[in-house]
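To keep things clear, I will list the structure first and then write my remarks on it.
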Amino acid sequence: MTDAVVVEGLVKRFGENTALGGVDLTVSEGTVLGLLGPNGAGKTTVVRILSTLLQPDAGRAEVVGLDVGTQADQVRAMIGLTGQYAAVDEYLTGHENLEMVGRLYRLGKREAKARAGQLLERFDLADAAHRPAKTYSGGMRRRLDIAASLIARPRVLFLDEPTTGLDPRSRLGMWEFIADLVSDGTTILLTTQYLEEADRLADRMVVIDRGKVIARGTADELKAQVGGERLELTVGTVEQLVVVTDALRPLAHGELHADRQTRRLSVPVTGGTDTLAEALRRLAGTSAQVLDIGLRRPDLDDVFLTLTGRSAEDADTTTDAEDSATVSAGAQS
Amino acid sequence: MTTLAETVSDSVVITKRNLIKVKRVPDLIVFATLSPIMFVVLFRYIFGGAINLPPGISYAEFLLPGIFAQTVVFGSTVTGASIAEDLQKGLIDRFRSLPMSRSAVLIGRTVADLGLNVISITVMALTGLAVGWRINSSIGEAIGGFLVLLVFAFAISWLMALVGLLVRTPEVVNNASFIVIFPLTFASNAFVPLESFPAPLRAFAEWNPVSTVVQAARELFGNVPAGVPVPDVWSLQNPALYTVLWTVAILVVFVPLAVRAYLRTASR
Ligand SMILES: Nc1ncnc2c1ncn2[C@@H]1O[C@H](COP(=O)(O)OP(=O)(O)OP(=O)(O)O)[C@@H](O)[C@H]1O
Ligand SMILES: [Mg+2]
């Protein structure tokens, strides 16, 4: 498989601040790369360089074999860009916005109109098609912006946090749409704060922090780096916690962790559901009242917290970070 | 590289987009028409009595070319604020990621603003006719008079485009251009004859291109007051030529600078 995007040793400085300190990444043709990282990591800077908006200070950046610096015009004809902040003309209607962008991609008038109509339909904007975008909600603008980047069926698509600000239904719709694009052969580089989104859409991921790549691989590979599966259960009382800890100790591959506050026990295990069945048998032999029990594999939130020491959603406030990790852990078990 | 035909077609798309905004935001059209009307009427009746012109010369005839010049020059400052607004809203980023002509965004902007100036000047001319202004020359000369005004303003638009790309905040662009343009239009022969100016200011006004735009327009409309001698400086003796030189110089310098700034700019 050939690489649609190649980035080597990319460096970008803003004054004293080194936004990118030598980033390498590739995106194979027809696949999705998820670019993850906390706020200020340099995700947007990578996207802006690849979409010809910024010139790097050092390194190589190529899109479909074209250099983004010296062959910018040809690159622009191949790509679609949805920036982090919606770039729609508020005074034009949704239809006029798309038609304008289509014309500037040099589609004929008729084709630009037809594509505009299709995309407005596809993105649930048909009813609002002839209203100025000023009257659109944030999510509608976002969808219009994404539609604009798709108007000329780009071979490579850059999406900088495409679903930030979308409601859950629109987000699901967007995921389906992105999956459709990929099955049509579009190559996508996507940045996101939602690890679930990366898990679901991206074939491979690159995690950057402070302008450097700190991890890369498939979701499974990244999760494996963080650790294996754990058996987790909650019991009614602290006394029972002691009882179940003793009962399950023989199953543990590593150190058990009992939290008296939440009366929760976490046991590193191998063997999947067989182990779970064995654990249930052992628990039945005790008088402990088990409130919930489950096998949990690390999710990308764990990966993120482990790798960066921060949460994806909020790098600044640790309390938020802990909350969000706990919430998603609860949702998984 | 883009061909000339592509540049033209991209510029047309952008010009249309800018004019749609004018249609959708009525304030713009109101300001482009009402304020010139107000200027014409206020100056005509408030200063008209106070400013000393030799007997037999109508202040309306003296005034209108001055008002035209001031209004179109102010009209061009809109270019800077609009470009800064596009930059802030991320639209320039969008355009720069498209395979379109490098200069079309700026051409479309300056041409649309030229369109606004055509509307303003038409409204002012009609208002002027209602308050006593007359064209005392041939149709060809009169058209020349309007062209000198509009083309000079078009050149100023390109200068303002550069300012907008560098300053990047619409409000600041507006204030900054006000500080520059206001003295430039008042330290000229637009509203009063230059005799009354103190010496250093007078020298500045004599070489101020706004003065020569006004002087050229007065000549071409046949509005030069017979009893007021034209100062004996080359600029005012050859106002049309001097103005054209300025216009060309501004375009030659600022079109490439503005395009270069556009290619390098980034919204955030
Ligand atoms: N135009 C600019 N001028 C100066 N510094 C900049 C500029 N753009 C980005 N930076 C800096 O570069 C670094 C990387 O920014 P970037 O926008 O790429 O981060 P990001 O990963 O997209 O973050 P976020 O998740 O918040 O969008 C930050 O430290 C930022 O302050
Ligand atoms: Mg970003």
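If you're wondering about the labels, chains in the structure tokens are A, B, ... by order shown, residues count from 1 in each chain, ligands from 1 in order shown.
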Exercise. Could you pull out all residues of stretch 13-226 of chain B with a DSSP call of helix (DSSP H, G or I) and give them as a PyMOL selection string?
Worked result: chain B and resi 13-24+26-47+59-88+91-96+104-130+139-167+170-186+194-196+199-207+209-221
For this session: Please give me, as a list in words, the residues lying within 7 Å of ligand 2 when counting only C-alpha atoms and all ligand atoms.
Result: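 For ligand 2, the residues inside 7 Å are Asn39, Gly40, Gly42, Lys43, Thr44, Gln84 and Asp160 of chain A.
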Can I get the selected residues back with N, CA and C atoms, as a compact mmCIF listing (two decimals), in the first residue's frame?
# COMPACT_ATOMS: atom_id res chain seq x y z
N ASN A 39 -4.26 19.36 24.66
CA ASN A 39 -4.31 20.72 24.13
C ASN A 39 -2.90 21.27 23.96
N GLY A 40 -2.67 21.89 22.82
CA GLY A 40 -1.36 22.50 22.60
C GLY A 40 -0.29 21.52 22.16
N GLY A 42 0.16 20.17 19.27
CA GLY A 42 0.66 20.45 17.93
C GLY A 42 -0.17 19.80 16.83
N LYS A 43 -1.34 19.28 17.17
CA LYS A 43 -2.18 18.59 16.18
C LYS A 43 -2.59 19.54 15.07
N THR A 44 -3.13 20.69 15.45
CA THR A 44 -3.58 21.64 14.46
C THR A 44 -2.42 22.13 13.59
N GLN A 84 -10.16 23.50 12.66
CA GLN A 84 -10.70 23.32 14.01
C GLN A 84 -11.91 24.24 14.27
N ASP A 160 -9.87 18.44 11.44
CA ASP A 160 -9.33 18.86 12.74
C ASP A 160 -10.49 18.95 13.72
Problem set entry | Environment of ligand 1 within 10 Å, counting only C-alpha atoms and all ligand atoms, reported as a count of residues only | 45
For this session: Show me which bits of chain B are within 12 Å of chain A, counting only C-alpha atoms, as a VMD selection string.
Result: chain B and resid 1 to 2 5 to 26 85 to 102 104 to 105 262 to 268
For this session: With a distance cut-off of 12 Å and only C-alpha atoms, select the neighbouring residues of stretch 196-201 of chain B, excluding the residue or stretch itself and same-chain residues fewer than 2 positions from it, and output the selection as a PyMOL selection string.
Result: chain B and resi 51-53+183-184+186-189+191-194+203-208+228+231
For this session: Excluding A:Ala277 and residues on its chain fewer than 6 positions from it, collect all residues at most 12 Å away from it, counting only C-alpha atoms, and give them as a list in words.
Result: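 My list of contacting residues is Leu231, Leu248, Leu251, Gly271, Leu283, Ala284, Ile293, Gly294 and Leu295 of chain A.
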For this session: Could you please determine the separation between atom CA of B:Ala50 and atom CA of B:Phe62 in Å, to one decimal place?
Result: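 These atoms are spaced 13.5 Å apart.
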Exercise. If you count only C-alpha atoms, which residues fall within 10 Å of stretch 114-119 of chain A, apart from same-chain ones fewer than 2 positions away, as an MDAnalysis selection string?
Worked result: chainID A and resid 94:102 107:112 121:126 129 143:144 146:148 150:153
